[in-house]
Structure formats: structure tokens, C-alpha cells
$ cat data-v1.cif   # mmCIF, C-alpha atoms and all ligand atoms
data_work
loop_
_atom_site.group_PDB
_atom_site.id
_atom_site.type_symbol
_atom_site.label_atom_id
_atom_site.label_comp_id
_atom_site.auth_asym_id
_atom_site.auth_seq_id
_atom_site.Cartn_x
_atom_site.Cartn_y
_atom_site.Cartn_z
ATOM 1 C CA MET A 138 108.713 98.882 93.160
ATOM 2 C CA SER A 139 105.584 96.816 93.297
ATOM 3 C CA THR A 140 102.133 96.969 91.798
ATOM 4 C CA VAL A 141 99.548 98.192 94.301
ATOM 5 C CA LEU A 142 96.419 96.075 94.283
ATOM 6 C CA PRO A 143 93.392 97.991 92.960
ATOM 7 C CA LEU A 144 90.802 99.448 95.320
ATOM 8 C CA PRO A 145 87.139 98.595 94.761
ATOM 9 C CA GLU A 146 85.539 101.161 92.391
ATOM 10 C CA PRO A 147 82.934 102.570 94.838
ATOM 11 C CA VAL A 148 85.624 103.295 97.455
ATOM 12 C CA MET A 149 87.738 105.146 94.907
ATOM 13 C CA ARG A 150 84.802 107.208 93.671
ATOM 14 C CA ARG A 151 83.761 108.180 97.227
ATOM 15 C CA ARG A 152 87.316 109.253 98.103
ATOM 16 C CA GLU A 153 87.614 111.404 95.016
ATOM 17 C CA ARG A 154 84.269 113.188 95.474
ATOM 18 C CA ASP A 155 83.824 114.442 98.979
ATOM 19 C CA PRO A 156 86.503 116.092 101.208
ATOM 20 C CA ARG A 157 84.606 115.124 104.356
ATOM 21 C CA ALA A 158 84.481 111.536 103.200
ATOM 22 C CA GLN A 159 88.209 111.793 102.488
ATOM 23 C CA ARG A 160 88.920 112.974 106.052
ATOM 24 C CA HIS A 161 86.702 110.288 107.463
ATOM 25 C CA GLU A 162 88.443 107.655 105.317
ATOM 26 C CA ALA A 163 91.869 108.972 106.386
ATOM 27 C CA ASN A 164 90.976 108.702 110.095
ATOM 28 C CA ARG A 165 89.573 105.226 109.657
ATOM 29 C CA LEU A 166 92.649 104.214 107.726
ATOM 30 C CA ALA A 167 95.034 105.554 110.396
ATOM 31 C CA LYS A 168 93.084 103.683 113.054
ATOM 32 C CA ARG A 169 93.069 100.475 111.006
ATOM 33 C CA LEU A 170 96.826 100.673 110.487
ATOM 34 C CA ARG A 171 97.491 101.224 114.213
ATOM 35 C CA HIS A 172 95.220 98.324 115.010
ATOM 36 C CA GLN A 173 96.829 95.967 112.486
ATOM 37 C CA VAL A 174 100.378 96.891 113.469
ATOM 38 C CA GLY A 175 99.571 96.619 117.185
ATOM 39 C CA ARG A 176 98.007 93.201 116.627
ATOM 40 C CA ALA A 177 100.982 91.935 114.626
ATOM 41 C CA ILE A 178 103.381 93.153 117.344
ATOM 42 C CA ALA A 179 101.332 91.351 119.990
ATOM 43 C CA ASP A 180 100.689 88.155 117.984
ATOM 44 C CA PHE A 181 104.366 87.593 117.237
ATOM 45 C CA GLY A 182 105.954 89.158 120.327
ATOM 46 C CA MET A 183 107.795 91.631 118.128
ATOM 47 C CA ILE A 184 108.637 94.268 120.736
ATOM 48 C CA GLU A 185 109.452 93.733 124.404
ATOM 49 C CA ASP A 186 110.209 95.997 127.293
ATOM 50 C CA GLY A 187 113.622 97.616 126.906
ATOM 51 C CA ASP A 188 113.980 96.836 123.193
ATOM 52 C CA ARG A 189 116.063 99.143 121.045
ATOM 53 C CA VAL A 190 114.353 98.996 117.674
ATOM 54 C CA MET A 191 116.236 100.000 114.558
ATOM 55 C CA VAL A 192 113.652 101.056 111.969
ATOM 56 C CA CYS A 193 115.064 100.627 108.465
ATOM 57 C CA LEU A 194 113.979 103.568 106.396
ATOM 58 C CA SER A 195 114.475 103.438 102.639
ATOM 59 C CA GLY A 196 112.494 106.552 101.759
ATOM 60 C CA GLY A 197 109.683 104.500 100.211
ATOM 61 C CA LYS A 198 106.028 104.557 101.263
ATOM 62 C CA ASP A 199 106.255 101.312 103.255
ATOM 63 C CA SER A 200 109.064 102.268 105.593
ATOM 64 C CA TYR A 201 107.706 105.812 106.139
ATOM 65 C CA THR A 202 104.361 104.275 107.105
ATOM 66 C CA MET A 203 106.023 101.769 109.424
ATOM 67 C CA LEU A 204 107.949 104.478 111.252
ATOM 68 C CA ASP A 205 104.911 106.741 111.498
ATOM 69 C CA VAL A 206 102.671 104.040 112.973
ATOM 70 C CA LEU A 207 105.361 102.758 115.358
ATOM 71 C CA LEU A 208 105.882 106.300 116.672
ATOM 72 C CA GLN A 209 102.149 106.563 117.379
ATOM 73 C CA LEU A 210 101.996 103.180 119.095
ATOM 74 C CA GLN A 211 105.112 103.927 121.144
ATOM 75 C CA LYS A 212 103.256 106.709 123.002
ATOM 76 C CA LYS A 213 100.636 104.337 124.417
ATOM 77 C CA ALA A 214 102.491 101.026 124.365
ATOM 78 C CA PRO A 215 102.322 98.718 127.393
ATOM 79 C CA VAL A 216 106.133 98.402 127.246
ATOM 80 C CA SER A 217 108.942 100.910 126.971
ATOM 81 C CA PHE A 218 111.171 100.765 123.889
ATOM 82 C CA SER A 219 113.244 103.121 121.767
ATOM 83 C CA LEU A 220 113.040 103.731 118.022
ATOM 84 C CA THR A 221 115.905 104.837 115.810
ATOM 85 C CA ALA A 222 115.375 105.379 112.088
ATOM 86 C CA VAL A 223 118.342 104.200 110.035
ATOM 87 C CA ASN A 224 118.792 104.804 106.322
ATOM 88 C CA LEU A 225 121.516 103.479 104.073
ATOM 89 C CA ASP A 226 122.693 106.019 101.529
ATOM 90 C CA GLN A 227 123.879 103.676 98.776
ATOM 91 C CA LYS A 228 125.317 106.525 96.730
ATOM 92 C CA GLN A 229 122.917 106.105 93.861
ATOM 93 C CA PRO A 230 123.250 108.906 91.342
ATOM 94 C CA GLY A 231 120.720 111.617 92.100
ATOM 95 C CA PHE A 232 119.900 110.384 95.628
ATOM 96 C CA PRO A 233 118.464 113.446 97.407
ATOM 97 C CA GLU A 234 120.496 113.173 100.638
ATOM 98 C CA HIS A 235 118.766 116.028 102.420
ATOM 99 C CA VAL A 236 115.186 114.684 102.114
ATOM 100 C CA LEU A 237 115.236 112.015 104.816
ATOM 101 C CA SER A 238 117.338 113.937 107.306
ATOM 102 C CA GLU A 239 115.117 117.023 107.001
ATOM 103 C CA TYR A 240 111.979 114.958 107.421
ATOM 104 C CA LEU A 241 113.318 113.036 110.438
ATOM 105 C CA ARG A 242 114.621 116.193 112.076
ATOM 106 C CA SER A 243 111.176 117.753 111.676
ATOM 107 C CA LEU A 244 109.702 114.772 113.568
ATOM 108 C CA GLY A 245 112.325 114.962 116.297
ATOM 109 C CA VAL A 246 113.129 111.277 115.768
ATOM 110 C CA ASP A 247 116.478 109.743 116.635
ATOM 111 C CA PHE A 248 118.090 108.777 113.326
ATOM 112 C CA HIS A 249 121.295 107.836 111.576
ATOM 113 C CA ILE A 250 122.298 107.730 107.911
ATOM 114 C CA ILE A 251 124.903 105.137 106.965
ATOM 115 C CA GLU A 252 126.924 106.041 103.892
ATOM 116 C CA GLN A 253 128.200 103.110 101.871
ATOM 117 C CA ASP A 254 128.708 103.037 98.135
ATOM 118 C CA THR A 255 127.022 99.737 97.319
ATOM 119 C CA TYR A 256 125.803 101.258 94.040
ATOM 120 C CA SER A 257 129.309 101.166 92.506
ATOM 121 C CA VAL A 258 129.779 97.551 93.599
ATOM 122 C CA VAL A 259 126.437 96.466 92.143
ATOM 123 C CA SER A 260 126.873 98.290 88.847
ATOM 124 C CA ARG A 261 130.398 96.869 88.480
ATOM 125 C CA VAL A 262 129.472 93.257 89.268
ATOM 126 C CA VAL A 263 126.045 92.848 87.610
ATOM 127 C CA PRO A 264 126.216 92.539 83.796
ATOM 128 C CA GLU A 265 124.474 95.290 81.849
ATOM 129 C CA GLY A 266 120.773 94.654 81.247
ATOM 130 C CA LYS A 267 120.464 92.280 84.240
ATOM 131 C CA THR A 268 118.403 93.282 87.264
ATOM 132 C CA MET A 269 120.538 94.541 90.134
ATOM 133 C CA CYS A 270 117.959 94.312 92.933
ATOM 134 C CA SER A 271 118.971 90.973 94.351
ATOM 135 C CA LEU A 272 122.636 91.854 94.955
ATOM 136 C CA CYS A 273 121.718 95.409 95.927
ATOM 137 C CA SER A 274 119.301 94.121 98.607
ATOM 138 C CA ARG A 275 121.867 91.639 99.926
ATOM 139 C CA LEU A 276 124.507 94.340 100.303
ATOM 140 C CA ARG A 277 121.981 96.694 101.874
ATOM 141 C CA ARG A 278 120.928 94.013 104.363
ATOM 142 C CA GLY A 279 124.578 93.314 105.215
ATOM 143 C CA ALA A 280 125.313 96.987 105.875
ATOM 144 C CA LEU A 281 122.201 97.456 108.022
ATOM 145 C CA TYR A 282 122.738 94.257 110.033
ATOM 146 C CA THR A 283 126.365 95.165 110.683
ATOM 147 C CA TYR A 284 125.334 98.605 111.904
ATOM 148 C CA ALA A 285 122.665 97.061 114.175
ATOM 149 C CA ALA A 286 125.194 94.647 115.707
ATOM 150 C CA GLU A 287 127.786 97.372 116.262
ATOM 151 C CA HIS A 288 125.283 99.646 117.963
ATOM 152 C CA GLY A 289 123.405 97.143 120.102
ATOM 153 C CA TYR A 290 119.957 97.269 118.516
ATOM 154 C CA THR A 291 117.837 94.387 119.763
ATOM 155 C CA LYS A 292 115.312 94.378 116.899
ATOM 156 C CA ILE A 293 115.535 95.348 113.233
ATOM 157 C CA ALA A 294 112.195 96.501 111.805
ATOM 158 C CA LEU A 295 111.603 96.113 108.057
ATOM 159 C CA GLY A 296 108.711 97.612 106.099
ATOM 160 C CA HIS A 297 107.473 94.517 104.244
ATOM 161 C CA HIS A 298 103.687 94.257 104.229
ATOM 162 C CA ARG A 299 100.990 91.637 103.731
ATOM 163 C CA ASP A 300 101.174 91.730 99.920
ATOM 164 C CA ASP A 301 104.978 91.335 99.947
ATOM 165 C CA MET A 302 104.544 88.286 102.135
ATOM 166 C CA VAL A 303 101.937 86.713 99.849
ATOM 167 C CA ALA A 304 104.021 87.510 96.736
ATOM 168 C CA THR A 305 107.116 85.921 98.314
ATOM 169 C CA PHE A 306 105.115 82.823 99.177
ATOM 170 C CA PHE A 307 104.096 82.382 95.512
ATOM 171 C CA LEU A 308 107.586 83.192 94.240
ATOM 172 C CA ASN A 309 109.022 80.443 96.417
ATOM 173 C CA MET A 310 106.314 78.031 95.336
ATOM 174 C CA PHE A 311 106.445 78.743 91.588
ATOM 175 C CA PHE A 312 110.164 79.247 91.118
ATOM 176 C CA HIS A 313 111.798 77.325 93.991
ATOM 177 C CA ALA A 314 109.288 74.494 94.616
ATOM 178 C CA LYS A 315 108.958 75.171 98.331
ATOM 179 C CA LEU A 316 106.263 76.397 100.683
ATOM 180 C CA SER A 317 107.941 79.229 102.501
ATOM 181 C CA GLY A 318 107.579 82.955 102.649
ATOM 182 C CA MET A 319 108.552 86.045 104.520
ATOM 183 C CA PRO A 320 107.807 85.579 108.227
ATOM 184 C CA PRO A 321 106.627 88.425 110.470
ATOM 185 C CA LYS A 322 109.545 87.738 112.815
ATOM 186 C CA LEU A 323 112.765 85.843 112.221
ATOM 187 C CA LEU A 324 116.226 85.192 113.476
ATOM 188 C CA SER A 325 118.883 86.156 110.921
ATOM 189 C CA ASP A 326 120.960 83.316 109.435
ATOM 190 C CA ASP A 327 123.931 84.088 111.696
ATOM 191 C CA GLY A 328 121.638 84.112 114.745
ATOM 192 C CA ARG A 329 122.701 87.623 115.734
ATOM 193 C CA HIS A 330 119.583 89.607 114.811
ATOM 194 C CA VAL A 331 115.857 89.443 115.366
ATOM 195 C CA VAL A 332 114.091 90.928 112.357
ATOM 196 C CA ILE A 333 110.488 92.074 112.712
ATOM 197 C CA ARG A 334 107.903 93.082 110.104
ATOM 198 C CA PRO A 335 105.303 95.204 111.912
ATOM 199 C CA LEU A 336 103.324 95.754 108.660
ATOM 200 C CA ALA A 337 102.720 91.999 108.275
ATOM 201 C CA TYR A 338 98.922 92.441 108.423
ATOM 202 C CA VAL A 339 98.733 95.656 106.389
ATOM 203 C CA ARG A 340 97.523 95.805 102.774
ATOM 204 C CA GLU A 341 99.725 97.601 100.296
ATOM 205 C CA ASP A 342 96.902 99.760 98.951
ATOM 206 C CA ASP A 343 96.214 100.990 102.502
ATOM 207 C CA ILE A 344 99.883 101.932 102.820
ATOM 208 C CA ALA A 345 99.789 103.764 99.476
ATOM 209 C CA ALA A 346 96.680 105.716 100.561
ATOM 210 C CA TYR A 347 98.207 106.499 103.968
ATOM 211 C CA ALA A 348 101.480 107.681 102.432
ATOM 212 C CA GLN A 349 99.535 109.945 100.109
ATOM 213 C CA ALA A 350 97.374 111.348 102.907
ATOM 214 C CA LYS A 351 100.450 112.032 105.049
ATOM 215 C CA ALA A 352 102.419 113.440 102.082
ATOM 216 C CA PHE A 353 105.574 111.528 102.960
ATOM 217 C CA PRO A 354 108.570 112.792 100.951
ATOM 218 C CA ILE A 355 108.971 109.604 98.911
ATOM 219 C CA ILE A 356 112.333 108.824 97.339
ATOM 220 C CA PRO A 357 112.011 106.358 94.445
ATOM 221 C CA CYS A 358 113.977 103.133 94.758
ATOM 222 C CA ASN A 359 114.823 102.962 91.068
ATOM 223 C CA LEU A 360 117.148 105.950 90.849
ATOM 224 C CA CYS A 361 119.714 103.350 89.871
ATOM 225 C CA GLY A 362 117.665 102.576 86.748
ATOM 226 C CA SER A 363 117.334 98.893 87.620
ATOM 227 C CA GLN A 364 114.214 97.009 86.623
ATOM 228 C CA GLU A 365 112.327 94.994 89.144
ATOM 229 C CA ASN A 366 112.766 91.233 89.085
ATOM 230 C CA LEU A 367 110.641 89.745 86.298
ATOM 231 C CA GLN A 368 109.403 86.812 88.364
ATOM 232 C CA ARG A 369 108.170 89.092 91.136
ATOM 233 C CA LYS A 370 106.438 91.244 88.526
ATOM 234 C CA GLN A 371 104.646 88.195 87.137
ATOM 235 C CA VAL A 372 103.438 87.200 90.584
ATOM 236 C CA GLN A 373 102.272 90.734 91.370
ATOM 237 C CA LYS A 374 100.372 90.846 88.091
ATOM 238 C CA MET A 375 98.694 87.567 88.957
ATOM 239 C CA MET A 376 97.747 88.864 92.414
ATOM 240 C CA CYS A 377 96.365 92.095 90.924
ATOM 241 C CA GLY A 378 94.204 90.093 88.536
ATOM 242 C CA TRP A 379 92.887 87.941 91.366
ATOM 243 C CA GLU A 380 92.063 90.916 93.555
ATOM 244 C CA ARG A 381 90.287 92.596 90.664
ATOM 245 C CA ASP A 382 88.240 89.518 89.764
ATOM 246 C CA PHE A 383 87.790 88.089 93.262
ATOM 247 C CA PRO A 384 88.085 90.906 95.835
ATOM 248 C CA GLY A 385 89.362 89.631 99.169
ATOM 249 C CA ARG A 386 91.325 86.712 97.760
ATOM 250 C CA ILE A 387 94.715 88.086 98.821
ATOM 251 C CA GLU A 388 93.467 88.542 102.385
ATOM 252 C CA THR A 389 92.237 84.949 102.360
ATOM 253 C CA ILE A 390 95.653 83.743 101.207
ATOM 254 C CA ALA A 391 97.393 85.887 103.832
ATOM 255 C CA ARG A 392 95.164 84.357 106.520
ATOM 256 C CA ALA A 393 95.953 80.876 105.196
ATOM 257 C CA LEU A 394 99.670 81.562 105.766
ATOM 258 C CA GLY A 395 98.848 81.717 109.469
ATOM 259 C CA ASP A 396 96.804 78.514 109.510
ATOM 260 C CA ILE A 397 99.079 75.678 108.430
ATOM 261 C CA ARG A 398 98.067 72.041 108.804
ATOM 262 C CA PRO A 399 101.178 69.875 108.373
ATOM 263 C CA SER A 400 99.092 66.679 108.475
ATOM 264 C CA GLN A 401 97.194 67.916 105.377
ATOM 265 C CA LEU A 402 100.342 68.571 103.362
ATOM 266 C CA ALA A 403 103.065 66.176 102.254
ATOM 267 C CA ASP A 404 106.256 66.942 104.184
ATOM 268 C CA PRO A 405 107.302 63.920 106.289
ATOM 269 C CA SER A 406 109.745 66.121 108.217
ATOM 270 C CA LEU A 407 106.819 68.165 109.588
ATOM 271 C CA PHE A 408 104.361 65.366 110.221
ATOM 272 C CA ASP A 409 105.037 61.754 111.154
ATOM 273 C CA PHE A 410 103.206 60.033 108.290
ATOM 274 C CA LEU A 411 105.292 56.879 108.798
ATOM 275 C CA SER A 412 103.782 56.044 112.166
ATOM 276 C CA LEU A 413 100.265 57.095 111.171
ATOM 277 C CA GLY A 414 97.859 54.175 111.431
ATOM 278 C CA GLY A 415 100.688 51.630 111.910
ATOM 279 C CA ALA A 416 100.376 48.925 114.516
ATOM 280 C CA GLY A 417 103.848 49.943 115.710
ATOM 281 C CA ARG A 418 105.241 46.352 115.581
ATOM 282 C CA ASP A 419 108.035 46.800 113.006
ATOM 283 C CA ALA A 420 109.875 49.708 111.482
ATOM 284 C CA PRO A 421 108.208 50.407 108.089
ATOM 285 C CA ALA A 422 110.094 49.230 105.017
ATOM 286 C CA ASP A 423 111.854 52.032 103.144
ATOM 287 C CA ALA A 424 111.583 52.818 99.406
ATOM 288 C CA ARG A 425 114.573 50.670 98.496
ATOM 289 C CA ALA A 426 112.891 47.612 99.999
ATOM 290 C CA TRP A 427 109.626 48.390 98.203
ATOM 291 C CA LEU A 428 111.338 48.845 94.861
ATOM 292 C CA ALA A 429 113.851 46.000 95.144
ATOM 293 C CA ASP A 430 112.368 44.040 92.235
ATOM 294 C CA SER A 431 111.399 47.018 90.074
ATOM 295 C CA GLY A 432 113.214 48.220 87.005
ATOM 296 C CA PRO A 433 115.346 51.373 86.894
ATOM 297 C CA ALA A 434 113.694 54.581 88.101
ATOM 298 C CA ASP A 435 113.345 56.142 84.625
ATOM 299 C CA ASP A 436 111.115 53.219 83.553
ATOM 300 C CA ALA A 437 108.752 53.805 86.421
ATOM 301 C CA ASP A 438 105.461 55.486 85.645
ATOM 302 C CA ASP A 439 104.847 57.650 88.708
ATOM 303 C CA GLY A 440 102.338 59.868 86.941
ATOM 304 C CA ALA A 441 104.691 62.845 87.004
HETATM 305 S S1 LIG A 501 115.727 99.340 92.281
HETATM 306 FE FE1 LIG A 501 117.904 99.885 92.474
HETATM 307 S S2 LIG A 501 118.134 100.628 94.576
HETATM 308 FE FE2 LIG A 501 116.183 99.540 94.473
HETATM 309 S S3 LIG A 501 116.730 97.459 95.123
HETATM 310 FE FE3 LIG A 501 116.849 97.496 92.897
HETATM 311 S S4 LIG A 501 118.986 97.912 92.458
HETATM 312 FE FE4 LIG A 501 118.630 98.470 94.595
#
$ encode --input "data-v1.cif" --output "C-alpha cells"
Amino acid sequence: MSTVLPLPEPVMRRRERDPRAQRHEANRLAKRLRHQVGRAIADFGMIEDGDRVMVCLSGGKDSYTMLDVLLQLQKKAPVSFSLTAVNLDQKQPGFPEHVLSEYLRSLGVDFHIIEQDTYSVVSRVVPEGKTMCSLCSRLRRGALYTYAAEHGYTKIALGHHRDDMVATFFLNMFFHAKLSGMPPKLLSDDGRHVVIRPLAYVREDDIAAYAQAKAFPIIPCNLCGSQENLQRKQVQKMMCGWERDFPGRIETIARALGDIRPSQLADPSLFDFLSLGGAGRDAPADARAWLADSGPADDADDGA
């Protein structure tokens, strides 16, 4: 579970006070979500004519919102595609099996529930007191991808949103020393699946408000009792503080993720710094040639 970024005070007060303002806000919000999801689908070519989209539904606010908005867009889309909601019942103790199926039946949506006891595996393998989310997510992804391959789904839709993408970017930077994140569309490692994230442009607090307005029957993810990854929590706390002190900063960062300038960074595999400004006569000397007469590397003062 993540920390939802705070809404500006005046917006919260207006929502709480006036039912008409609440309705107005809800309509504007629904429209904004359709617009943002439609734009993300178009910008990244997420859905094409004839696609069979498997919508992964966990029972959390994000995936309910994704399904709801995709169903609305499907009615007026310029292409024809099918949607199937798929949930993985991981056999967590206390998982209310009937909730999702009743909800999906009431919508008349095509759906399937995969039953696989990943909970027992995770609780057996992960030492007590350690967070189980990483292994749990890997097993969940494996089960869902296998199901998609076996049943011919052409796209797998996941409910990650803008704030997840920004948080992942900082996690990778702070804890793995790399600039990479959670792309809106990607090919799975084995090349068999195209994964899409239709909520890529959507703020988490908008999703939380939408889920509340629509009264989705939310199933908590932490029935297993696991605690969320500490590093992710730290990053979310940092983002919350920024948004509180500098409203709009997270949106600015999210926009920056779509405006990369390799020549202004420092990765020679993305930009040909070696040839830059050279007369092109000789191949440039490599580091060994430059350092031939220097002492051992640990004597060097590189300012690090
Ligand atoms: S909170 Fe529990 S169910 Fe959710 S990802 Fe973590 S281990 Fe899995």
C-alpha cells in the first residue's frame, strides 16, 4: 500500500462542504481520468484494433479504476478491442473470494479468477519479519503472464499510476544507481508479452477520490500481514513532503520522465560523447592510454 499525496487544503474543504460541489468535482474527475487514460493509450500506442486486453485486477483502488475507465473508453474507442478482468487468488488467509466475482458479474464484464497458492510459498521461503512483497509480486506476475500466454491475450494492463512511476524512478536512482523507472508500455523480459500501464498519467490522489466516489469494493493487499518495502516507504514519504511544500512538483518530475536529453546526461552508450567536437582524424585514446604513467587507481584523487 502506498501513501496518497495530500490534496491542497481548499480543494479538500470544498469537497467536504457542499454536495453539489462534490458532484461537480466527481464529474470533472471522471472526465479528467478518461482524458488522461485516453491520452496515454494514444501517446504510447497501448491498444490497437483487435487487441485482447487482459486487465489485471487485484481488488485495490488502482486496478478497479483502470478497469472502470477502460470500460468507458471502450464504448467510444476508434478501434475495437476486448477486455477481460483477471484476478489471481493467492490464497491469502481471509481473502474474500466472492467480492470480485460479484462485482464483475454486476458489471457484466468478462472475467476469470486464477487460483494459485503463492501465499504458502512466500510465507515458507521468506524469513519471518522480512517483507514478502518482492517475491509475492514476482510469483503473481509469473502466474498472470503464464495465463495471458496460454489464453492468447495480446496486451496485459497493469494499474500502476503516475506516482508509482515517479517513486520507482527515485528508488532506482537512490538504491540502484541507475536512471530507469516503470515505463507506460514494455515488452516482458522473455519477449512474449506487451505490458501496458493506462494510468501512467493519473495522479494517485485522483484515483483514491475516484475509488471513493464509485464505492469500489476494495480488498486490502496486506491481508498477508506483510509490511511494505521500507525503501519504497522512504521515497513515498519524501514525495509527500515535496508535494505538501511545493505543490505540483511530482507532476513536474513525471513530465521530466518524458523529456530526456541524453546529450545532457553522462551515459556514453546513449550519446556519442567520444566523437563530439573531434576532428575525426584518429580514434580517441582510451583511459588506459591516458593513465599509463599514473599510479594505482586508489591513489588517484577523482573527487569522489
Ligand atoms: S502486501 Fe502481501 S499480498 Fe500484497 S504484495 Fe505484499 S506480500 Fe503480496
$ atom_distance --input "data-v1.cif" --atom1 "atom CA of Pro335 of chain A" --atom2 "atom CA of Ile178 of chain A"
6.1 Å
$ resolve_selection --input "data-v1.cif" --expression "the PyMOL selection byres (((not hetatm)) within 9 of (chain A and resi 501))" --output "list in words"
Met138, Gln227, Gln229, Thr255, Tyr256, Val259, Ser260, Thr268, Met269, Cys270, Ser271, Leu272, Cys273, Ser274, Arg277, Pro357, Cys358, Asn359, Leu360, Cys361, Gly362, Ser363, Gln364, Glu365 and Asn366 of chain A
$ closest_residue --input "data-v1.cif" --among "A:Pro230, A:Pro399, A:Pro354, A:Pro384" --to "Asp199 of chain A" --atoms "all atoms listed in the file"
A:Pro354
$ closest_residue --input "data-v1.cif" --among "A:Lys228, A:Arg334, A:Arg369, A:Arg381" --to "Arg299 of chain A" --atoms "all atoms listed in the file"
A:Arg334
$ resolve_selection --input "data-v1.cif" --expression "the PyMOL selection byres (((chain A and resi 391) around 9) and not hetatm)" --output "JSON, numbers by chain"
{"A": [299, 300, 302, 303, 338, 386, 387, 388, 389, 390, 392, 393, 394, 395]}
$ resolve_selection --input "data-v1.cif" --expression "the PyMOL selection byres (((chain A and resi 166) around 12) and not hetatm)" --output "ChimeraX atom specification"
/A:158-165,167-173,202,206,339-340,342-351
$ atom_distance --input "data-v1.cif" --atom1 "atom CA of His313 of chain A" --atom2 "atom CA of Val263 of chain A"
22.0 Å
$ residues_around --input "data-v1.cif" --residues "Thr305 of chain A" --least-positions-apart "4" --cutoff "7 Å" --atoms "all atoms listed in the file" --output "NGL selection string"
:A and (301 or 309 or 318-319)
$ atom_distance --input "data-v1.cif" --atom1 "atom CA of Val236 of chain A" --atom2 "atom CA of Thr291 of chain A"
27.0 Å
$ residues_near_point --input "data-v1.cif" --point "(103.2, 78.1, 99.7)" --cutoff "7 Å" --atoms "all atoms listed in the file" --output "PDB file with C-alpha atoms, in the frame of the given file"
ATOM      1  CA  PHE A 306     105.115  82.823  99.177  1.00  0.00           C
ATOM      2  CA  PHE A 307     104.096  82.382  95.512  1.00  0.00           C
ATOM      3  CA  MET A 310     106.314  78.031  95.336  1.00  0.00           C
ATOM      4  CA  LYS A 315     108.958  75.171  98.331  1.00  0.00           C
ATOM      5  CA  LEU A 316     106.263  76.397 100.683  1.00  0.00           C
ATOM      6  CA  SER A 317     107.941  79.229 102.501  1.00  0.00           C
TER       7      SER A 317
END
$ residues_around --input "data-v1.cif" --residues "Ser195 of chain A" --least-positions-apart "4" --cutoff "9 Å" --atoms "all atoms listed in the file" --output "ChimeraX atom specification"
/A:199-201,223-226,237,296,356,358
